[in-house]
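*Asks:* Got a file for you: upload_36.csv, CSV, C-alpha atoms and all ligand atoms.
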```csv
chain,number,residue,atom,x,y,z
K,345,MET,CA,6.2,22.4,-3.6
K,346,ILE,CA,3.6,23.9,-5.8
K,347,ASP,CA,2.5,27.3,-4.7
K,348,LEU,CA,-1.2,26.6,-4.3
K,349,THR,CA,-1.9,30.3,-3.8
K,350,THR,CA,-1.3,30.7,-7.5
K,351,ILE,CA,-3.6,27.9,-8.5
K,352,GLU,CA,-7.2,28.1,-7.4
K,353,HIS,CA,-9.9,25.6,-7.0
K,354,GLY,CA,-11.6,25.2,-10.4
K,355,ASP,CA,-8.6,26.4,-12.5
K,356,VAL,CA,-8.3,24.2,-15.5
K,357,LEU,CA,-4.8,22.7,-15.6
K,358,ASP,CA,-3.0,21.5,-18.7
K,359,TRP,CA,-0.4,19.3,-17.0
K,360,PRO,CA,1.3,16.4,-18.7
K,361,ALA,CA,0.6,13.8,-16.1
K,362,VAL,CA,-2.8,12.9,-14.6
K,363,ILE,CA,-2.5,9.9,-12.4
K,364,GLU,CA,-5.2,7.9,-10.6
K,365,LEU,CA,-3.4,7.4,-7.3
K,366,HIS,CA,-6.1,5.2,-5.6
K,367,VAL,CA,-7.7,2.4,-7.6
K,368,HIS,CA,-8.6,-1.2,-6.9
K,369,THR,CA,-8.5,-3.9,-9.6
K,370,ASN,CA,-9.8,-7.4,-9.9
K,371,PRO,CA,-8.7,-10.0,-8.8
K,372,ASP,CA,-6.0,-8.5,-6.6
K,373,SER,CA,-8.5,-6.6,-4.6
K,374,SER,CA,-11.3,-9.1,-4.1
K,375,ASP,CA,-13.9,-6.4,-3.6
K,376,SER,CA,-13.2,-4.9,-7.0
K,377,MET,CA,-14.8,-5.7,-10.3
K,378,LEU,CA,-12.5,-3.5,-12.4
K,379,SER,CA,-10.1,-5.4,-14.7
K,380,LYS,CA,-6.7,-4.0,-15.6
K,381,GLU,CA,-7.8,-3.8,-19.2
K,382,GLU,CA,-10.9,-1.8,-18.3
K,383,LEU,CA,-8.7,0.5,-16.1
K,384,VAL,CA,-6.5,1.3,-19.1
K,385,THR,CA,-9.3,1.6,-21.7
K,386,THR,CA,-11.6,3.7,-19.5
K,387,GLY,CA,-8.6,5.5,-17.9
K,388,LYS,CA,-7.3,6.7,-21.3
K,389,MET,CA,-10.8,7.6,-22.4
K,390,VAL,CA,-11.2,10.0,-19.5
K,391,GLY,CA,-7.8,11.4,-19.8
K,392,LEU,CA,-5.6,9.6,-17.3
K,393,THR,CA,-2.0,9.0,-18.2
K,394,GLY,CA,-1.4,6.4,-15.5
K,395,ALA,CA,-2.6,4.7,-12.4
K,396,ASN,CA,-1.2,3.6,-9.0
K,397,LEU,CA,-2.7,0.3,-8.1
K,398,ALA,CA,-3.6,0.5,-4.4
K,399,GLU,CA,-4.7,-3.0,-3.8
K,400,HIS,CA,-5.7,-3.9,-0.2
K,401,ASP,CA,-2.6,-5.1,1.7
K,402,LYS,CA,-0.9,-6.4,-1.4
K,403,VAL,CA,1.6,-5.3,-4.0
K,404,LEU,CA,1.4,-7.0,-7.4
K,405,GLU,CA,4.3,-9.5,-8.0
K,406,ARG,CA,7.2,-8.7,-10.2
K,407,HIS,CA,6.2,-10.9,-13.1
K,408,GLN,CA,2.7,-9.4,-13.0
K,409,GLN,CA,4.1,-5.9,-13.0
K,410,GLU,CA,6.4,-6.6,-16.0
K,411,ALA,CA,3.5,-8.2,-17.9
K,412,LEU,CA,1.3,-5.2,-17.4
K,413,ARG,CA,4.0,-2.7,-18.4
K,414,ALA,CA,4.7,-4.7,-21.5
K,415,GLU,CA,1.1,-5.0,-22.4
K,416,TYR,CA,0.3,-1.3,-21.9
K,417,PRO,CA,3.4,0.6,-22.7
K,418,ASP,CA,1.6,3.9,-23.2
K,419,PHE,CA,-0.2,3.9,-19.8
K,420,PHE,CA,2.0,4.4,-16.7
K,421,PHE,CA,1.5,1.7,-14.1
K,422,ASN,CA,2.7,2.1,-10.5
K,423,PHE,CA,2.3,-0.6,-8.0
K,424,GLY,CA,1.5,0.6,-4.5
K,425,MET,CA,-0.9,-0.7,-1.9
K,426,GLU,CA,-3.6,0.5,0.5
K,427,VAL,CA,-2.6,-0.8,3.9
K,428,THR,CA,-5.1,-1.2,6.7
K,429,THR,CA,-3.3,0.3,9.7
K,430,ASP,CA,-4.0,1.2,13.3
K,431,LEU,CA,-4.5,4.8,12.0
K,432,GLY,CA,-6.8,3.9,9.2
K,433,HIS,CA,-6.2,3.1,5.5
K,434,MET,CA,-3.0,4.4,4.1
K,435,ILE,CA,-1.7,4.4,0.6
K,436,ALA,CA,1.9,3.2,0.6
K,437,ILE,CA,4.1,3.9,-2.5
K,438,GLY,CA,7.5,2.3,-2.9
K,439,LEU,CA,7.3,-1.0,-1.0
K,440,ARG,CA,7.9,-4.1,-3.0
K,441,GLU,CA,5.7,-6.3,-0.9
K,442,TYR,CA,3.6,-6.5,2.2
K,443,LEU,CA,6.0,-6.6,5.2
K,444,PRO,CA,5.4,-7.9,8.7
K,445,GLY,CA,4.3,-5.3,11.2
K,446,ILE,CA,3.2,-2.6,8.8
K,447,ARG,CA,-0.3,-2.8,10.2
K,448,ARG,CA,1.2,-0.3,12.6
K,449,ALA,CA,1.4,3.0,10.8
K,450,GLU,CA,4.6,3.9,12.5
K,451,LYS,CA,6.3,0.8,11.3
K,452,LEU,CA,4.9,1.3,7.8
K,453,ARG,CA,6.5,4.8,7.7
K,454,GLU,CA,9.8,3.3,8.9
K,455,GLU,CA,9.8,0.7,6.2
K,456,LEU,CA,9.0,3.4,3.5
K,457,ASP,CA,11.7,5.7,4.8
K,458,LYS,CA,14.3,2.9,4.2
K,459,VAL,CA,13.4,2.9,0.5
K,460,GLY,CA,12.5,6.5,-0.1
K,461,GLY,CA,8.8,5.7,-0.3
K,462,TYR,CA,5.8,7.9,0.2
K,463,LEU,CA,2.8,7.6,2.6
K,464,ILE,CA,-0.7,9.0,2.1
K,465,SER,CA,-3.5,9.0,4.7
K,466,ALA,CA,-6.4,7.7,2.6
K,467,HIS,CA,-9.9,9.2,3.2
K,468,PRO,CA,-9.0,10.2,6.8
K,469,PHE,CA,-12.5,11.6,7.6
K,470,ARG,CA,-14.6,9.0,5.9
K,471,ARG,CA,-17.9,8.4,7.8
K,472,LEU,CA,-16.7,10.5,10.8
K,473,PHE,CA,-19.6,13.0,10.2
K,474,ASP,CA,-22.1,10.3,9.8
K,475,PRO,CA,-24.7,10.1,12.6
K,476,VAL,CA,-24.7,6.3,12.2
K,477,THR,CA,-21.0,6.2,13.1
K,478,ALA,CA,-21.6,8.4,16.1
K,479,MET,CA,-24.4,6.0,17.2
K,480,ARG,CA,-22.1,2.9,16.7
K,481,THR,CA,-19.1,4.3,18.5
K,482,GLY,CA,-21.0,6.3,21.1
K,483,GLU,CA,-19.2,9.5,20.3
K,484,SER,CA,-19.4,12.1,17.6
K,485,PHE,CA,-16.4,13.6,15.8
K,486,GLU,CA,-16.1,17.1,17.3
K,487,MET,CA,-12.8,18.3,16.1
K,488,ASN,CA,-12.5,21.3,13.8
K,489,PRO,CA,-9.9,21.2,11.0
K,490,GLU,CA,-7.3,23.0,13.1
K,491,GLU,CA,-7.7,20.5,15.9
K,492,ALA,CA,-7.7,17.6,13.5
K,493,ALA,CA,-4.5,18.8,11.9
K,494,ALA,CA,-2.8,19.3,15.2
K,495,ASN,CA,-4.1,16.3,17.1
K,496,MET,CA,-4.7,13.3,14.8
K,497,PRO,CA,-1.6,11.1,15.0
K,498,VAL,CA,-1.9,10.0,11.4
K,499,PHE,CA,-0.8,13.4,10.1
K,500,LYS,CA,2.5,13.1,12.0
K,501,ILE,CA,3.2,9.9,10.2
K,502,ALA,CA,1.9,10.3,6.7
K,503,HIS,CA,3.6,12.6,4.2
K,504,THR,CA,0.2,13.9,3.1
K,505,LEU,CA,-3.4,13.1,3.0
K,506,GLU,CA,-6.0,12.4,0.3
K,507,ILE,CA,-8.3,15.4,-0.2
K,508,ALA,CA,-10.2,14.1,-3.2
K,509,ASN,CA,-11.6,10.6,-2.9
K,510,GLY,CA,-14.4,9.5,-5.2
K,511,ALA,CA,-16.1,7.4,-2.5
K,512,ASN,CA,-16.2,10.2,0.0
K,513,THR,CA,-19.0,12.7,0.7
K,514,PRO,CA,-18.3,16.3,-0.4
K,515,ARG,CA,-18.0,17.3,3.3
K,516,GLU,CA,-15.3,14.6,3.9
K,517,ASN,CA,-13.3,15.9,1.0
K,518,GLU,CA,-13.7,19.6,1.9
K,519,PHE,CA,-12.7,19.0,5.5
K,520,ALA,CA,-9.6,17.1,4.3
K,521,ALA,CA,-8.7,19.9,1.9
K,522,GLU,CA,-8.9,22.4,4.8
K,523,VAL,CA,-6.6,20.2,7.0
K,524,ALA,CA,-4.1,19.9,4.1
K,525,ARG,CA,-4.0,23.7,3.8
K,526,ILE,CA,-3.4,24.0,7.6
K,527,LEU,CA,-0.6,21.4,7.4
K,528,GLY,CA,0.8,23.2,4.4
K,529,VAL,CA,0.9,20.1,2.2
K,530,SER,CA,-0.5,19.3,-1.3
K,531,GLY,CA,-3.3,16.7,-1.0
K,532,THR,CA,-3.7,13.9,-3.4
K,533,GLY,CA,-6.8,12.7,-5.4
K,534,GLY,CA,-8.0,9.4,-6.6
K,535,SER,CA,-11.3,7.7,-7.4
K,536,ASP,CA,-11.0,4.8,-5.0
K,537,ALA,CA,-12.9,3.0,-7.8
K,538,HIS,CA,-13.7,-0.6,-7.5
K,539,SER,CA,-15.4,-0.7,-11.0
K,540,ASN,CA,-15.5,1.4,-14.1
K,541,SER,CA,-17.8,3.8,-12.4
K,542,GLY,CA,-16.3,7.0,-11.1
K,543,LEU,CA,-12.9,6.3,-12.7
K,544,GLY,CA,-11.2,9.6,-13.5
K,545,TYR,CA,-13.6,11.8,-11.6
K,546,PHE,CA,-10.7,12.6,-9.1
K,547,ALA,CA,-7.0,12.1,-9.8
K,548,THR,CA,-3.7,13.7,-9.1
K,549,GLY,CA,-2.1,16.1,-11.6
K,550,PHE,CA,1.6,16.5,-11.9
K,551,LYS,CA,3.5,19.4,-13.5
K,552,GLU,CA,6.1,17.1,-15.1
K,553,SER,CA,5.4,14.0,-17.1
K,554,ILE,CA,5.7,10.8,-15.0
K,555,GLU,CA,6.9,7.7,-16.7
K,556,SER,CA,8.7,5.7,-14.0
K,557,PRO,CA,8.1,4.9,-10.3
K,558,ASP,CA,11.2,6.9,-9.5
K,559,GLN,CA,9.8,10.0,-11.2
K,560,LEU,CA,6.5,9.5,-9.3
K,561,LEU,CA,8.3,9.3,-5.9
K,562,GLU,CA,10.4,12.3,-6.7
K,563,ALA,CA,7.4,14.4,-7.7
K,564,LEU,CA,5.5,13.3,-4.7
K,565,HIS,CA,8.3,14.2,-2.3
K,566,ALA,CA,8.8,17.5,-4.0
K,567,GLY,CA,5.1,18.3,-3.6
K,568,GLU,CA,4.9,19.0,-7.4
K,569,PHE,CA,1.2,17.9,-7.7
K,570,THR,CA,-2.3,18.8,-6.9
K,571,ALA,CA,-5.6,17.0,-6.6
K,572,VAL,CA,-7.7,17.4,-9.7
K,573,GLN,CA,-11.3,16.9,-10.6
K,574,GLN,CA,-12.6,16.0,-14.0
K,575,ASP,CA,-14.1,19.1,-15.7
K,576,SER,CA,-15.1,17.6,-19.0
K,577,ALA,CA,-13.6,15.0,-21.3
K,578,SER,CA,-9.9,14.9,-20.7
K,579,LYS,CA,-9.9,18.3,-18.9
K,580,PHE,CA,-9.0,18.5,-15.3
K,581,SER,CA,-9.2,21.3,-12.9
K,582,CYS,CA,-7.5,22.0,-9.6
K,583,PHE,CA,-9.5,20.5,-6.6
K,584,ASN,CA,-8.9,22.5,-3.5
K,585,PRO,CA,-12.4,23.4,-2.2
K,586,PRO,CA,-13.1,25.8,0.6
K,587,TYR,CA,-14.5,24.3,3.8
K,588,ASP,CA,-17.4,26.2,5.4
K,589,GLU,CA,-18.7,24.6,8.6
K,590,SER,CA,-21.9,26.5,8.3
K,591,ASN,CA,-22.8,24.6,5.1
K,592,TYR,CA,-23.4,21.5,7.3
G,601,ZN,ZN,-9.7,2.7,2.0
G,602,ZN,ZN,-9.4,2.1,-1.4
```
Would you mind giving the structure from this file in structure tokens?
Ligand SMILES: [Zn+2]
Ligand SMILES: [Zn+2]
*Replies:*
Amino acid sequence: MIDLTTIEHGDVLDWPAVIELHVHTNPDSSDSMLSKEELVTTGKMVGLTGANLAEHDKVLERHQQEALRAEYPDFFFNFGMEVTTDLGHMIAIGLREYLPGIRRAEKLREELDKVGGYLISAHPFRRLFDPVTAMRTGESFEMNPEEAAANMPVFKIAHTLEIANGANTPRENEFAAEVARILGVSGTGGSDAHSNSGLGYFATGFKESIESPDQLLEALHAGEFTAVQQDSASKFSCFNPPYDESNY
């Protein structure tokens, strides 16, 4: 695993692979307006070297995967999915298709383990600090990061969590980053973009180049990555922000 004590929040990284791990494209995610072509064109422009498609509860079919790889040979495509589970949204990497029963996070992890896959808890704190959520559920989220790391079942099932999500509030990301530090894992980053907007703002940087799904899985399991934030055109810096409760 990368020794995050030697890389600090804001350090500019010149790593060979910057991959968008959480993006939705049209028409495979019906709520997305982003075409694959736009993803590649804009992605390259902002400095991404590849993307993991995280369509909702769906992996692109083989023939679609092959067509995309053939059309864009210089942009790495991985085909994951964002699964809606009993423990929230999770990004599953390594499954060939949606399998029965994976709505249960535990079952999803089991299936991934069979194929050497990787599981990320996506935006685990989204809207939890929002007073509207508290009003709707009748309870407010009272855990501190230590308690969340120790008590939330999703962190016993996922390999890691997303700490940089372009659709989150800063507080949601900072809280997640603190939880990742407590758990001792590298967190991932992605835009969660559903259009051109926000693409590349957050991503995941890898120390080695990533050109195949196997290399991606290997690097993820080895923890050889960090969440990154776009600094300026094609420049990315480490994203590992401090969490200070008193700011909120
Ligand atoms: Zn989601
Ligand atoms: Zn998403």
*Asks:* Using all atoms listed in the file, find each residue in chain K having at least one atom no more than 7 Å away from ligand ZN 602 (chain G); report its shortest atom-to-atom pair and that distance in Å (one decimal), rows by chain then rising number, as a Markdown table.
*Replies:*
```
| residue | atom | partner | partner_atom | distance |
| --- | --- | --- | --- | --- |
| K:His366 | CA | G:ZN602 | ZN | 6.2 |
| K:Val367 | CA | G:ZN602 | ZN | 6.4 |
| K:His368 | CA | G:ZN602 | ZN | 6.5 |
| K:Ala398 | CA | G:ZN602 | ZN | 6.7 |
| K:Glu426 | CA | G:ZN602 | ZN | 6.3 |
| K:Asp536 | CA | G:ZN602 | ZN | 4.8 |
```
*Asks:* Rank K:Arg471, K:Arg515, K:His400, K:Arg525 by their smallest atom-to-atom distance to ligand ZN 601 (chain G), using all atoms listed in the file, and report the top residue only.
*Replies:*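 Ranked by minimum distance to ligand ZN 601 (chain G), first place goes to K:His400.
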*Asks:* Atom CA of Leu443 of chain K and atom CA of Asp401 of chain K are how many Å apart?
*Replies:*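 Atom CA of Asp401 of chain K lies at a distance of 9.4 Å from atom CA of Leu443 of chain K.
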*Asks:* What's the separation between atom CA of Lys551 of chain K and atom CA of Ile507 of chain K, in Å to one decimal place?
*Replies:* 18.2 Å
*Asks:* Using all atoms listed in the file, find each residue with an atom at most 12 Å away from ligand ZN 601 (chain G) and format the answer as a ChimeraX atom specification.
*Replies:* /K:366-368,373,375,398-401,425-429,431-436,464-471,506,509-512,534-538
*Asks:* In Å, rounded to a single decimal, give me how far atom CA of Gly533 of chain K is from atom CA of Thr385 of chain K.
*Replies:*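 Atom CA of Thr385 of chain K sits 19.9 Å away from atom CA of Gly533 of chain K.
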*Asks:* Return the single residue from K:Ala571, K:Leu472, K:Ala411, K:Leu463 that is closest to Thr504 of chain K, with distances computed using only C-alpha atoms.
*Replies:* K:Leu463
*Asks:* With distances taken over all atoms listed in the file, which residue among K:Arg413, K:Lys500, K:His353, K:Lys458 lies nearest Pro557 of chain K?
*Replies:*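 Of all the options, K:Arg413 lies closest to Pro557 of chain K.
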*Asks:* Taking (6.4, -4.6, -7.0) in the file's coordinates, which residues come within 10 Å, counting all atoms listed in the file, written as a list in words?
*Replies:* Lys402, Val403, Leu404, Glu405, Arg406, His407, Gln408, Gln409, Glu410, Asn422, Phe423, Gly424, Met425, Ile437, Gly438, Leu439, Arg440, Glu441 and Tyr442 of chain K
*Asks:* Glu381 of chain K: which residues within 10 Å, counting all atoms listed in the file, same-chain residues fewer than 5 positions away excluded, as a VMD selection string?
*Replies:* chain K and resid 369 386 to 387 412 415 to 416
*Asks:* Quick one: residues within 9 Å of (4.6, 3.9, 8.1) (file frame), counting only C-alpha atoms, please, as a PyMOL selection string.
*Replies:* chain K and resi 429+434+436+446-457+462-463+501-502
*Asks:* Could you turn the residues from that selection into a file that holds C-alpha atoms, as a CSV table (one decimal), in the frame of the given file?
*Replies:*
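part37.csv written:
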```csv
chain,number,residue,atom,x,y,z
K,429,THR,CA,-3.3,0.3,9.7
K,434,MET,CA,-3.0,4.4,4.1
K,436,ALA,CA,1.9,3.2,0.6
K,446,ILE,CA,3.2,-2.6,8.8
K,447,ARG,CA,-0.3,-2.8,10.2
K,448,ARG,CA,1.2,-0.3,12.6
K,449,ALA,CA,1.4,3.0,10.8
K,450,GLU,CA,4.6,3.9,12.5
K,451,LYS,CA,6.3,0.8,11.3
K,452,LEU,CA,4.9,1.3,7.8
K,453,ARG,CA,6.5,4.8,7.7
K,454,GLU,CA,9.8,3.3,8.9
K,455,GLU,CA,9.8,0.7,6.2
K,456,LEU,CA,9.0,3.4,3.5
K,457,ASP,CA,11.7,5.7,4.8
K,462,TYR,CA,5.8,7.9,0.2
K,463,LEU,CA,2.8,7.6,2.6
K,501,ILE,CA,3.2,9.9,10.2
K,502,ALA,CA,1.9,10.3,6.7
```
*Asks:* Which of these, K:Ser376, K:Ser484, K:Ser578, K:Asn370, has the shortest distance to Thr393 of chain K once you count all atoms listed in the file?
*Replies:*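 Using all atoms listed in the file, the shortest distance to Thr393 of chain K belongs to K:Ser578.
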